[in-house]
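Below is query_8.tsv, which holds TSV, C-alpha atoms and all ligand atoms.
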```tsv
chain	number	residue	atom	x	y	z
G	1	MET	CA	123.69	117.38	99.25
G	2	GLY	CA	124.71	113.74	98.80
G	3	ARG	CA	122.75	111.13	96.94
G	4	ARG	CA	119.60	109.96	98.70
G	5	PRO	CA	119.91	106.27	99.76
G	6	PHE	CA	117.09	104.09	98.39
G	7	ILE	CA	116.08	100.45	98.54
G	8	ILE	CA	113.75	99.23	95.79
G	9	ASP	CA	111.31	96.49	96.89
G	10	CYS	CA	109.64	95.04	93.81
G	11	ASP	CA	107.83	92.21	92.04
G	12	THR	CA	109.78	92.53	88.80
G	13	GLY	CA	107.59	92.75	86.37
G	14	THR	CA	107.85	94.70	83.19
G	15	ASP	CA	107.08	98.11	84.67
G	16	ASP	CA	109.17	97.34	87.76
G	17	ALA	CA	112.19	96.77	85.49
G	18	ILE	CA	111.72	100.16	83.84
G	19	ALA	CA	111.41	101.85	87.24
G	20	ILE	CA	114.59	100.11	88.43
G	21	ALA	CA	116.45	101.33	85.34
G	22	ALA	CA	115.28	104.90	85.95
G	23	ALA	CA	116.50	104.73	89.56
G	24	LEU	CA	119.86	103.11	88.80
G	25	TYR	CA	120.98	106.00	86.57
G	26	CYS	CA	119.42	108.81	88.60
G	27	ASP	CA	122.08	111.17	89.96
G	28	GLN	CA	119.84	112.19	92.88
G	29	VAL	CA	119.73	108.75	94.47
G	30	GLU	CA	121.98	105.84	95.39
G	31	VAL	CA	120.29	102.44	95.10
G	32	LYS	CA	121.59	100.54	98.14
G	33	ALA	CA	119.74	97.28	97.42
G	34	VAL	CA	116.98	95.65	95.38
G	35	THR	CA	114.66	93.21	97.15
G	36	SER	CA	112.00	90.94	95.67
G	37	VAL	CA	108.50	89.92	96.65
G	38	ASN	CA	105.85	87.62	95.23
G	39	GLY	CA	103.50	89.52	92.98
G	40	ASN	CA	103.31	89.89	89.22
G	41	VAL	CA	104.77	86.41	88.90
G	42	ALA	CA	106.00	83.79	91.37
G	43	HIS	CA	108.82	84.90	93.66
G	44	LYS	CA	111.27	82.50	91.98
G	45	TYR	CA	110.92	84.67	88.88
G	46	THR	CA	110.72	88.12	90.51
G	47	SER	CA	113.91	87.41	92.46
G	48	LYS	CA	115.75	85.97	89.44
G	49	ASN	CA	114.66	88.91	87.29
G	50	ASN	CA	116.28	91.32	89.76
G	51	LEU	CA	119.55	89.36	89.85
G	52	ASP	CA	119.69	88.98	86.06
G	53	LEU	CA	118.73	92.63	85.49
G	54	LEU	CA	121.39	94.11	87.74
G	55	GLU	CA	124.14	91.91	86.35
G	56	TYR	CA	122.98	92.63	82.80
G	57	LEU	CA	123.16	96.40	83.42
G	58	GLY	CA	126.51	96.09	85.19
G	59	PHE	CA	125.52	96.85	88.78
G	60	ASP	CA	127.31	93.92	90.40
G	61	ASP	CA	127.96	95.91	93.56
G	62	ILE	CA	124.31	96.46	94.49
G	63	PRO	CA	122.98	93.72	96.80
G	64	VAL	CA	119.97	91.76	95.53
G	65	ALA	CA	118.00	89.91	98.19
G	66	LYS	CA	115.10	87.51	98.18
G	67	GLY	CA	111.96	88.32	100.12
G	68	ALA	CA	108.53	86.89	100.79
G	69	ASP	CA	107.17	84.31	98.39
G	70	SER	CA	103.64	84.69	99.66
G	71	PRO	CA	101.47	87.35	101.31
G	72	ILE	CA	101.07	87.54	105.11
G	73	MET	CA	97.51	86.23	105.16
G	74	ASP	CA	96.75	84.65	101.84
G	75	ASN	CA	98.10	82.18	99.30
G	76	PRO	CA	100.40	83.44	96.56
G	77	TYR	CA	98.53	84.85	93.59
G	78	HIS	CA	100.02	86.19	90.39
G	79	SER	CA	98.83	88.54	87.72
G	80	ASP	CA	96.90	87.32	84.72
G	81	GLY	CA	99.81	87.08	82.30
G	82	THR	CA	100.11	90.85	81.97
G	83	HIS	CA	103.86	90.50	82.50
G	84	GLY	CA	104.32	87.25	80.56
G	85	ASN	CA	105.19	83.87	82.07
G	86	THR	CA	108.36	84.92	83.89
G	87	GLY	CA	107.67	88.60	84.46
G	88	LEU	CA	109.63	90.36	81.73
G	89	GLY	CA	107.14	89.90	78.94
G	90	ASN	CA	108.73	88.15	75.96
G	91	ILE	CA	112.22	89.26	76.96
G	92	LYS	CA	114.78	86.75	78.19
G	93	LEU	CA	117.76	88.29	79.93
G	94	PRO	CA	120.99	86.27	80.14
G	95	ASP	CA	121.10	84.23	83.36
G	96	ALA	CA	123.28	85.96	85.92
G	97	ALA	CA	126.68	84.31	85.50
G	98	HIS	CA	128.43	85.53	88.63
G	99	LYS	CA	126.18	87.77	90.69
G	100	GLN	CA	124.79	85.98	93.76
G	101	PHE	CA	121.83	86.75	96.01
G	102	ASP	CA	122.71	88.49	99.24
G	103	LYS	CA	122.70	86.03	102.13
G	104	ARG	CA	120.18	88.16	104.03
G	105	LEU	CA	116.45	88.03	103.39
G	106	ALA	CA	114.80	91.28	102.29
G	107	SER	CA	113.51	92.26	105.73
G	108	GLU	CA	116.98	91.89	107.31
G	109	LEU	CA	118.73	93.76	104.50
G	110	ILE	CA	116.17	96.56	104.69
G	111	TYR	CA	116.54	96.87	108.46
G	112	GLN	CA	120.34	96.72	108.51
G	113	THR	CA	120.55	99.31	105.74
G	114	ALA	CA	118.09	101.56	107.59
G	115	VAL	CA	120.29	101.39	110.68
G	116	GLU	CA	123.44	102.08	108.62
G	117	GLU	CA	121.82	105.08	106.89
G	118	LYS	CA	120.87	106.61	110.25
G	119	GLY	CA	117.34	107.65	109.32
G	120	GLU	CA	118.08	108.79	105.75
G	121	LEU	CA	116.94	105.61	103.94
G	122	GLU	CA	113.98	105.91	101.58
G	123	LEU	CA	112.02	102.93	100.24
G	124	LEU	CA	110.58	102.64	96.73
G	125	VAL	CA	107.90	99.96	97.18
G	126	ILE	CA	106.46	98.88	93.86
G	127	GLY	CA	104.95	95.49	94.58
G	128	PRO	CA	102.89	93.99	97.39
G	129	MET	CA	104.15	95.39	100.71
G	130	THR	CA	104.84	92.06	102.42
G	131	ASN	CA	108.59	92.58	102.99
G	132	ILE	CA	108.11	96.01	104.53
G	133	ALA	CA	105.38	94.73	106.86
G	134	ILE	CA	107.53	91.77	107.92
G	135	CYS	CA	110.41	94.13	108.63
G	136	LEU	CA	108.15	96.36	110.73
G	137	MET	CA	106.88	93.37	112.70
G	138	GLU	CA	110.40	92.06	113.30
G	139	HIS	CA	111.92	95.50	113.99
G	140	PRO	CA	109.30	98.00	115.23
G	141	ASP	CA	111.99	100.70	115.41
G	142	LEU	CA	112.14	100.65	111.60
G	143	LYS	CA	109.40	103.28	111.73
G	144	ASP	CA	111.94	105.72	113.18
G	145	LEU	CA	114.65	104.78	110.70
G	146	VAL	CA	112.93	105.18	107.32
G	147	LYS	CA	112.76	108.73	106.01
G	148	HIS	CA	110.02	108.14	103.42
G	149	ILE	CA	108.18	105.34	101.63
G	150	TRP	CA	107.19	105.99	98.02
G	151	PHE	CA	104.74	103.28	97.03
G	152	MET	CA	102.84	102.32	93.92
G	153	GLY	CA	99.53	100.96	95.05
G	154	GLY	CA	95.87	101.54	95.72
G	155	SER	CA	93.51	104.08	94.28
G	156	VAL	CA	91.23	106.79	95.53
G	157	ILE	CA	88.55	105.43	93.19
G	158	GLY	CA	88.49	102.14	91.30
G	159	GLY	CA	90.71	99.11	90.96
G	160	ASN	CA	92.43	96.84	88.45
G	161	VAL	CA	91.91	93.48	90.16
G	162	THR	CA	88.40	94.14	91.48
G	163	THR	CA	86.31	97.27	91.02
G	164	THR	CA	87.67	98.54	94.34
G	165	ALA	CA	91.21	97.17	94.67
G	166	GLU	CA	94.56	97.67	92.96
G	167	PHE	CA	96.85	94.64	92.48
G	168	ASN	CA	99.74	95.44	94.88
G	169	ILE	CA	97.37	96.16	97.76
G	170	TRP	CA	94.91	93.38	96.90
G	171	ILE	CA	97.64	90.72	96.97
G	172	ASP	CA	98.56	91.59	100.58
G	173	PRO	CA	96.10	94.00	102.20
G	174	MET	CA	97.27	93.22	105.74
G	175	ALA	CA	100.80	94.23	104.79
G	176	ALA	CA	99.51	97.46	103.29
G	177	HIS	CA	97.47	98.12	106.44
G	178	ILE	CA	100.56	97.62	108.62
G	179	VAL	CA	102.65	99.95	106.44
G	180	THR	CA	100.07	102.73	106.06
G	181	GLN	CA	99.46	102.72	109.84
G	182	SER	CA	103.19	102.59	110.71
G	183	GLY	CA	103.69	106.35	111.07
G	184	ILE	CA	106.44	106.36	108.43
G	185	PRO	CA	106.04	109.37	106.11
G	186	GLN	CA	104.77	107.99	102.83
G	187	THR	CA	103.43	108.85	99.40
G	188	MET	CA	100.81	106.76	97.58
G	189	VAL	CA	100.95	106.70	93.78
G	190	GLY	CA	97.80	104.88	92.80
G	191	LEU	CA	95.82	104.03	89.72
G	192	ASP	CA	94.17	107.47	89.69
G	193	VAL	CA	97.42	108.89	88.33
G	194	THR	CA	99.27	105.90	86.87
G	195	THR	CA	96.47	105.10	84.44
G	196	ALA	CA	96.39	108.74	83.29
G	197	ALA	CA	99.78	108.41	81.55
G	198	ALA	CA	100.86	105.92	78.88
G	199	MET	CA	104.10	105.67	76.95
G	200	LYS	CA	103.90	105.91	73.17
G	201	GLU	CA	105.90	104.45	70.30
G	202	HIS	CA	107.93	107.64	69.90
G	203	HIS	CA	109.22	107.22	73.44
G	204	ALA	CA	110.52	103.75	72.53
G	205	GLU	CA	112.06	105.15	69.34
G	206	GLU	CA	113.85	107.81	71.40
G	207	LEU	CA	115.24	105.12	73.67
G	208	ARG	CA	116.39	103.02	70.71
G	209	ALA	CA	118.21	106.05	69.35
G	210	CYS	CA	120.00	106.35	72.69
G	211	GLY	CA	121.27	102.83	72.15
G	212	THR	CA	122.53	101.91	75.63
G	213	LYS	CA	121.79	98.45	77.05
G	214	ALA	CA	119.31	99.95	79.50
G	215	ALA	CA	117.60	102.10	76.87
G	216	LEU	CA	117.33	99.21	74.42
G	217	LEU	CA	115.97	96.90	77.13
G	218	CYS	CA	113.35	99.47	78.14
G	219	ALA	CA	112.43	99.98	74.47
G	220	ASP	CA	111.95	96.21	74.14
G	221	LEU	CA	109.78	96.20	77.28
G	222	LEU	CA	107.72	99.05	75.85
G	223	ASP	CA	107.32	97.21	72.54
G	224	TYR	CA	106.01	94.20	74.48
G	225	MET	CA	103.53	96.51	76.22
G	226	PHE	CA	102.42	98.04	72.89
G	227	GLU	CA	101.73	94.55	71.52
G	228	ARG	CA	99.81	93.74	74.72
G	229	ARG	CA	97.82	96.95	74.36
G	230	ASP	CA	97.01	96.16	70.72
G	231	ARG	CA	95.78	92.72	71.82
G	232	GLY	CA	93.34	94.41	74.19
G	233	GLY	CA	95.57	94.17	77.28
G	234	GLU	CA	96.90	96.86	79.57
G	235	ASP	CA	98.36	99.97	77.95
G	236	ALA	CA	102.03	100.90	78.31
G	237	ILE	CA	101.41	102.27	81.77
G	238	MET	CA	104.43	103.05	83.94
G	239	HIS	CA	102.81	102.36	87.31
G	240	ASP	CA	106.08	101.81	89.18
G	241	ALA	CA	108.24	104.44	87.50
G	242	MET	CA	105.61	107.01	88.49
G	243	ALA	CA	106.15	106.14	92.15
G	244	PHE	CA	109.84	106.92	91.62
G	245	ALA	CA	108.91	110.13	89.81
G	246	ALA	CA	107.03	111.20	92.94
G	247	ALA	CA	110.36	111.03	94.77
G	248	VAL	CA	112.64	112.74	92.25
G	249	CYS	CA	110.31	114.66	89.91
G	250	PRO	CA	107.68	116.07	92.29
G	251	GLU	CA	106.63	118.58	89.64
G	252	CYS	CA	105.18	115.65	87.66
G	253	LEU	CA	102.44	115.08	90.25
G	254	GLU	CA	100.01	116.90	92.52
G	255	CYS	CA	99.62	115.29	95.93
G	256	ARG	CA	97.46	115.97	99.01
G	257	ASP	CA	97.60	114.56	102.54
G	258	PHE	CA	94.74	112.34	103.70
G	259	TYR	CA	94.05	109.63	106.26
G	260	VAL	CA	94.38	106.29	104.46
G	261	ASP	CA	93.74	102.75	105.65
G	262	VAL	CA	93.21	99.41	103.91
G	263	GLU	CA	90.19	97.12	103.88
G	264	CYS	CA	91.60	93.67	104.73
G	265	PHE	CA	88.59	91.38	104.89
G	266	GLY	CA	85.67	92.72	102.84
G	267	GLN	CA	84.02	90.02	100.72
G	268	TYR	CA	83.86	92.49	97.82
G	269	THR	CA	86.23	95.19	99.04
G	270	LYS	CA	89.37	93.34	100.19
G	271	GLY	CA	92.39	95.46	99.25
G	272	HIS	CA	90.46	98.74	98.94
G	273	THR	CA	92.51	101.77	99.98
G	274	MET	CA	90.16	103.96	101.97
G	275	VAL	CA	91.23	107.57	101.31
G	276	ASP	CA	89.34	109.84	103.68
G	277	ARG	CA	89.14	112.82	101.29
G	278	ARG	CA	86.38	114.50	103.29
G	279	GLY	CA	88.08	114.10	106.66
G	280	ARG	CA	84.95	112.37	108.00
G	281	LEU	CA	86.93	110.13	110.35
G	282	GLY	CA	88.66	113.05	112.05
G	283	LYS	CA	91.97	111.15	111.91
G	284	ALA	CA	95.25	112.91	111.17
G	285	PRO	CA	96.51	112.43	107.59
G	286	ASN	CA	99.11	109.66	107.31
G	287	VAL	CA	99.67	109.46	103.54
G	288	SER	CA	100.38	111.96	100.79
G	289	VAL	CA	98.18	110.81	97.92
G	290	ALA	CA	98.92	111.61	94.26
G	291	LEU	CA	95.78	113.02	92.67
G	292	LYS	CA	96.98	114.48	89.34
G	293	VAL	CA	99.81	113.81	86.89
G	294	ASP	CA	101.26	115.90	84.07
G	295	GLU	CA	101.42	113.09	81.51
G	296	GLU	CA	103.75	114.78	79.07
G	297	LYS	CA	106.12	115.97	81.78
G	298	PHE	CA	106.20	112.48	83.37
G	299	CYS	CA	106.78	110.56	80.15
G	300	SER	CA	109.58	112.83	79.01
G	301	TRP	CA	111.13	112.71	82.49
G	302	LEU	CA	111.14	108.90	82.31
G	303	VAL	CA	112.74	108.79	78.86
G	304	ASN	CA	115.43	111.23	79.98
G	305	ALA	CA	115.99	109.30	83.22
G	306	ILE	CA	116.71	106.12	81.24
G	307	LYS	CA	118.84	108.01	78.71
G	308	LYS	CA	121.12	108.99	81.62
G	309	SER	CA	122.49	105.45	81.20
G	310	ALA	CA	124.60	106.97	78.43
G	311	ASP	CA	126.47	109.02	81.05
G	312	ARG	CA	127.61	105.99	83.05
Q	1	LIG	O1	98.65	97.60	89.77
Q	1	LIG	C1	99.90	97.85	89.19
Q	1	LIG	C2	101.01	97.27	90.03
Q	1	LIG	O2	100.88	95.87	90.07
Q	1	LIG	C3	102.41	97.53	89.44
Q	1	LIG	O3	103.33	97.61	90.49
Q	1	LIG	C4	102.68	96.30	88.63
Q	1	LIG	O4	104.09	96.03	88.50
Q	1	LIG	C5	102.04	95.27	89.49
Q	1	LIG	O5	102.95	94.94	90.53
Q	2	CA	CA	105.31	96.16	90.48
```
Could the structure of this file be written out as structure tokens, please?
Amino acid sequence: MGRRPFIIDCDTGTDDAIAIAAALYCDQVEVKAVTSVNGNVAHKYTSKNNLDLLEYLGFDDIPVAKGADSPIMDNPYHSDGTHGNTGLGNIKLPDAAHKQFDKRLASELIYQTAVEEKGELELLVIGPMTNIAICLMEHPDLKDLVKHIWFMGGSVIGGNVTTTAEFNIWIDPMAAHIVTQSGIPQTMVGLDVTTAAAMKEHHAEELRACGTKAALLCADLLDYMFERRDRGGEDAIMHDAMAFAAAVCPECLECRDFYVDVECFGQYTKGHTMVDRRGRLGKAPNVSVALKVDEEKFCSWLVNAIKKSADR
């Protein structure tokens, strides 16, 4: 079986960068493009981070495209400094010297690739879903061309922006509503599982011992996250890499199918992912929802995925 074609749509971001590294060196998938969206930081940074990252790691042949710089309904909003001022914590990658952005915007690149891949394309969506929703609105037949969407977002219970909403969904709930209702097979990796696994210092030490550019960069990103944790900030949680693990390491997670929709307008509940666990609505399940994670299995999978950079 050939490599599975993927596009990564992201708001790079510290954990996005680690997820991208894990995907780039994974022998099960072929990353066909990386597209950016407003999210963790302003789109001018998320897009530049993708371009700099792929040139830095030597993937000049993978198209990098710009996407939406604001949500469908709302004004742009960015995280509270969790990812530093420009999105990669305290790490400054060299400015891309020769790699250029693809001339197409994210939605066009996603659609054209989906057509080229004849229904085999999978999407790793690890930021607000604006680009995917725009693509669906511009090209309704996308729903028949995407094999699976693996997204980091939402939660069965709880939130990290409000008590009921997770950041990626809260930034653009209308986009998430459009995507979850699209009929495209999809898997939701939400806070219920991502916050149940945190990287530790020994994982960073293992990556440093590997010594590749990707491993050292991910170790530096983890060190930034450890400092953030010790200052009372978010732990070294690999939200986005866990969405990729759902695609290529299914044994890391336990998932169940439920009907899911998104609250778009609630004064207190905007961005809440309604997971109908009791089947009260009588609607057919549309999302496979990750409910449990094997923390040790996931963390060691991620370290090994990044260490595959030594094979390149
Ligand atoms: O809530 C966590 C999500 O928001 C992650 O994707 C992180 O990168 C931010 O985008
Ligand atoms: Ca992200």
query = What lies within 8 Å of region 22-32 of chain G using only C-alpha atoms, ignoring chain neighbours under 4 positions off, as an MDAnalysis selection string?
reply = chainID G and resid 2:8 18 62:63 113 241 244 248 302 305:306 308:309 312
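Residues of protein, DNA or RNA having any atom at most 7 Å from ligand CA 2 (chain Q), counting all atoms listed in the file, are Cys10, Asp11, Thr12, Gly13, Asp15, Asp16, Asn40, Ile126, Gly127 and Asp240 of chain G.
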note = Among G:Thr86, G:Asn38, G:Gln181, G:Thr187, ligand LIG 1 (chain Q) is approached most closely, using only C-alpha atoms and all ligand atoms, by G:Asn38
message = I need the residue nearest ligand LIG 1 (chain Q) from this list: G:Thr35, G:Asn75, G:Ser70, G:Thr194. Use only C-alpha atoms and all ligand atoms for the distance.
response = G:Thr194
request  = List all protein, DNA and RNA residues that have any atom at most 10 Å from ligand LIG 1 (chain Q), counting only C-alpha atoms and all ligand atoms, and write the list as a ChimeraX atom specification.
outcome  = /G:10-19,37-41,78-79,82-83,87,125-128,151-155,159-161,165-171,189-191,194-195,237-243
request  = For CA of Leu207 (chain G) and CA of Leu291 (chain G), determine how far apart the two atoms are, in Å to one decimal place.
outcome  =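 Distance between the two atoms: 28.3 Å.
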key: Minimum-distance residue to Glu201 (chain G), chosen among G:Ile91, G:Cys299, G:Ala245, G:Ile110 (using all atoms listed in the file)   =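 Between G:Ile91, G:Cys299, G:Ala245, G:Ile110, the residue approaching Glu201 (chain G) most closely is G:Cys299.
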message = I want to know what sits within 12 Å of Gly282 (chain G), based on all atoms listed in the file, with residues of the same chain fewer than 4 positions away left out; could you give that as a PyMOL selection string?
response = chain G and resi 258-260+276-278+286
Residues from the last selection, C-alpha atoms, saved as a CSV table (one decimal), keeping the file's coordinate frame:
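File produced: out_34.csv:
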```
chain,number,residue,atom,x,y,z
G,258,PHE,CA,94.7,112.3,103.7
G,259,TYR,CA,94.0,109.6,106.3
G,260,VAL,CA,94.4,106.3,104.5
G,276,ASP,CA,89.3,109.8,103.7
G,277,ARG,CA,89.1,112.8,101.3
G,278,ARG,CA,86.4,114.5,103.3
G,286,ASN,CA,99.1,109.7,107.3
```
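Residue nearest Glu296 (chain G) within the list G:Leu145, G:Met1, G:Cys252, G:Val179: G:Cys252 [criterion: smallest interatomic distance, only C-alpha atoms].
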